[in-house]
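Everything on this sheet refers to the single structure shown next.
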Amino acid sequence: MRALTLKMKTLETRVQELAAEIRSTKSLVEALEIENDKLRQHLALVYDVPTEGEHRPGQGPGEQVTGRQNLVNLYGEGFHICNIHFGQARTGECLFCAAFLRRERG
C-alpha cells in the first residue's frame, strides 16, 4: 500500500510542477501579446496604415501626411526619430531627436 501512496505523492508533485509551468508560460504569452500589439502599432505608423478605429491626419479625403508629420507621430508614440537610435523605443526625452525636430521645423 505504501507504493501506491508514494506513487500518488509523486504524481501530485508532477501535477503541481506542471501547473506552475503553465502559469509561467501564460505570463510569457501575455507579455508577448503586449509586445506584439506595440510592434503592430509601430509598423502601422511606419507604413502609414491606421489601426482599427484610428483616424490620423492625412487619412481622410483630401488630407495629405508629410514626412515630417510621420516623424512627429513616431516621436509622439515614444520612438526615436534621430539617426542614432531611429525606431527604438524612447525611455525619456532625446536631445538628438529634439534637435532633429527643431532643425526640420526651420
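All residue names refer to the C-alpha cells as shown: chains lettered A, B, ... in order, residues numbered from 1 in each chain, ligands numbered from 1 in order.
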Q | Filtered DSSP result for chain A, state helix (DSSP H, G or I), as a ChimeraX atom specification | A | /A:2-46,67-76,95-105
**Q.** Residue nearest Ala99 (chain A) - candidates A:Asn83, A:Asn73, A:Ser24, A:Thr5, atoms counted: only C-alpha atoms
**A.** A:Asn83
(Q) Please list as a ChimeraX atom specification every residue within 12 Å of Lys38 (chain A), counting only C-alpha atoms and excluding residues in the same chain fewer than 4 positions away. (A) /A:31-34,42-45,51,77-79,88-89
Just the selected residues (C-alpha atoms), exported as a JSON list (two decimals), in the first residue's frame, please.
```json
[["chain", "number", "residue", "atom", "x", "y", "z"],
["A", 31, "ALA", "CA", 3.90, 39.72, -22.27],
["A", 32, "LEU", "CA", 4.48, 38.65, -25.87],
["A", 33, "GLU", "CA", 0.94, 39.67, -26.84],
["A", 34, "ILE", "CA", 1.51, 43.14, -25.39],
["A", 42, "HIS", "CA", 4.73, 50.81, -34.75],
["A", 43, "LEU", "CA", 4.50, 49.07, -38.12],
["A", 44, "ALA", "CA", 1.19, 50.78, -38.79],
["A", 45, "LEU", "CA", 2.90, 54.12, -38.20],
["A", 51, "THR", "CA", -5.03, 50.77, -36.76],
["A", 77, "GLU", "CA", 4.27, 57.42, -29.88],
["A", 78, "GLY", "CA", 7.52, 57.10, -27.93],
["A", 79, "PHE", "CA", 10.03, 56.14, -30.62],
["A", 88, "GLN", "CA", 13.95, 52.25, -30.89],
["A", 89, "ALA", "CA", 11.58, 52.92, -28.01]]
```
(Q) Between CA of Arg103 (chain A) and CA of Ile81 (chain A), what is the distance in Å, rounded to a tenth? (A) 12.6 Å
Q: Rank nothing, just name the residue among A:Leu101, A:Asp37, A:Leu11, A:His85 nearest to Gly67 (chain A), using only C-alpha atoms.
A: A:Leu101
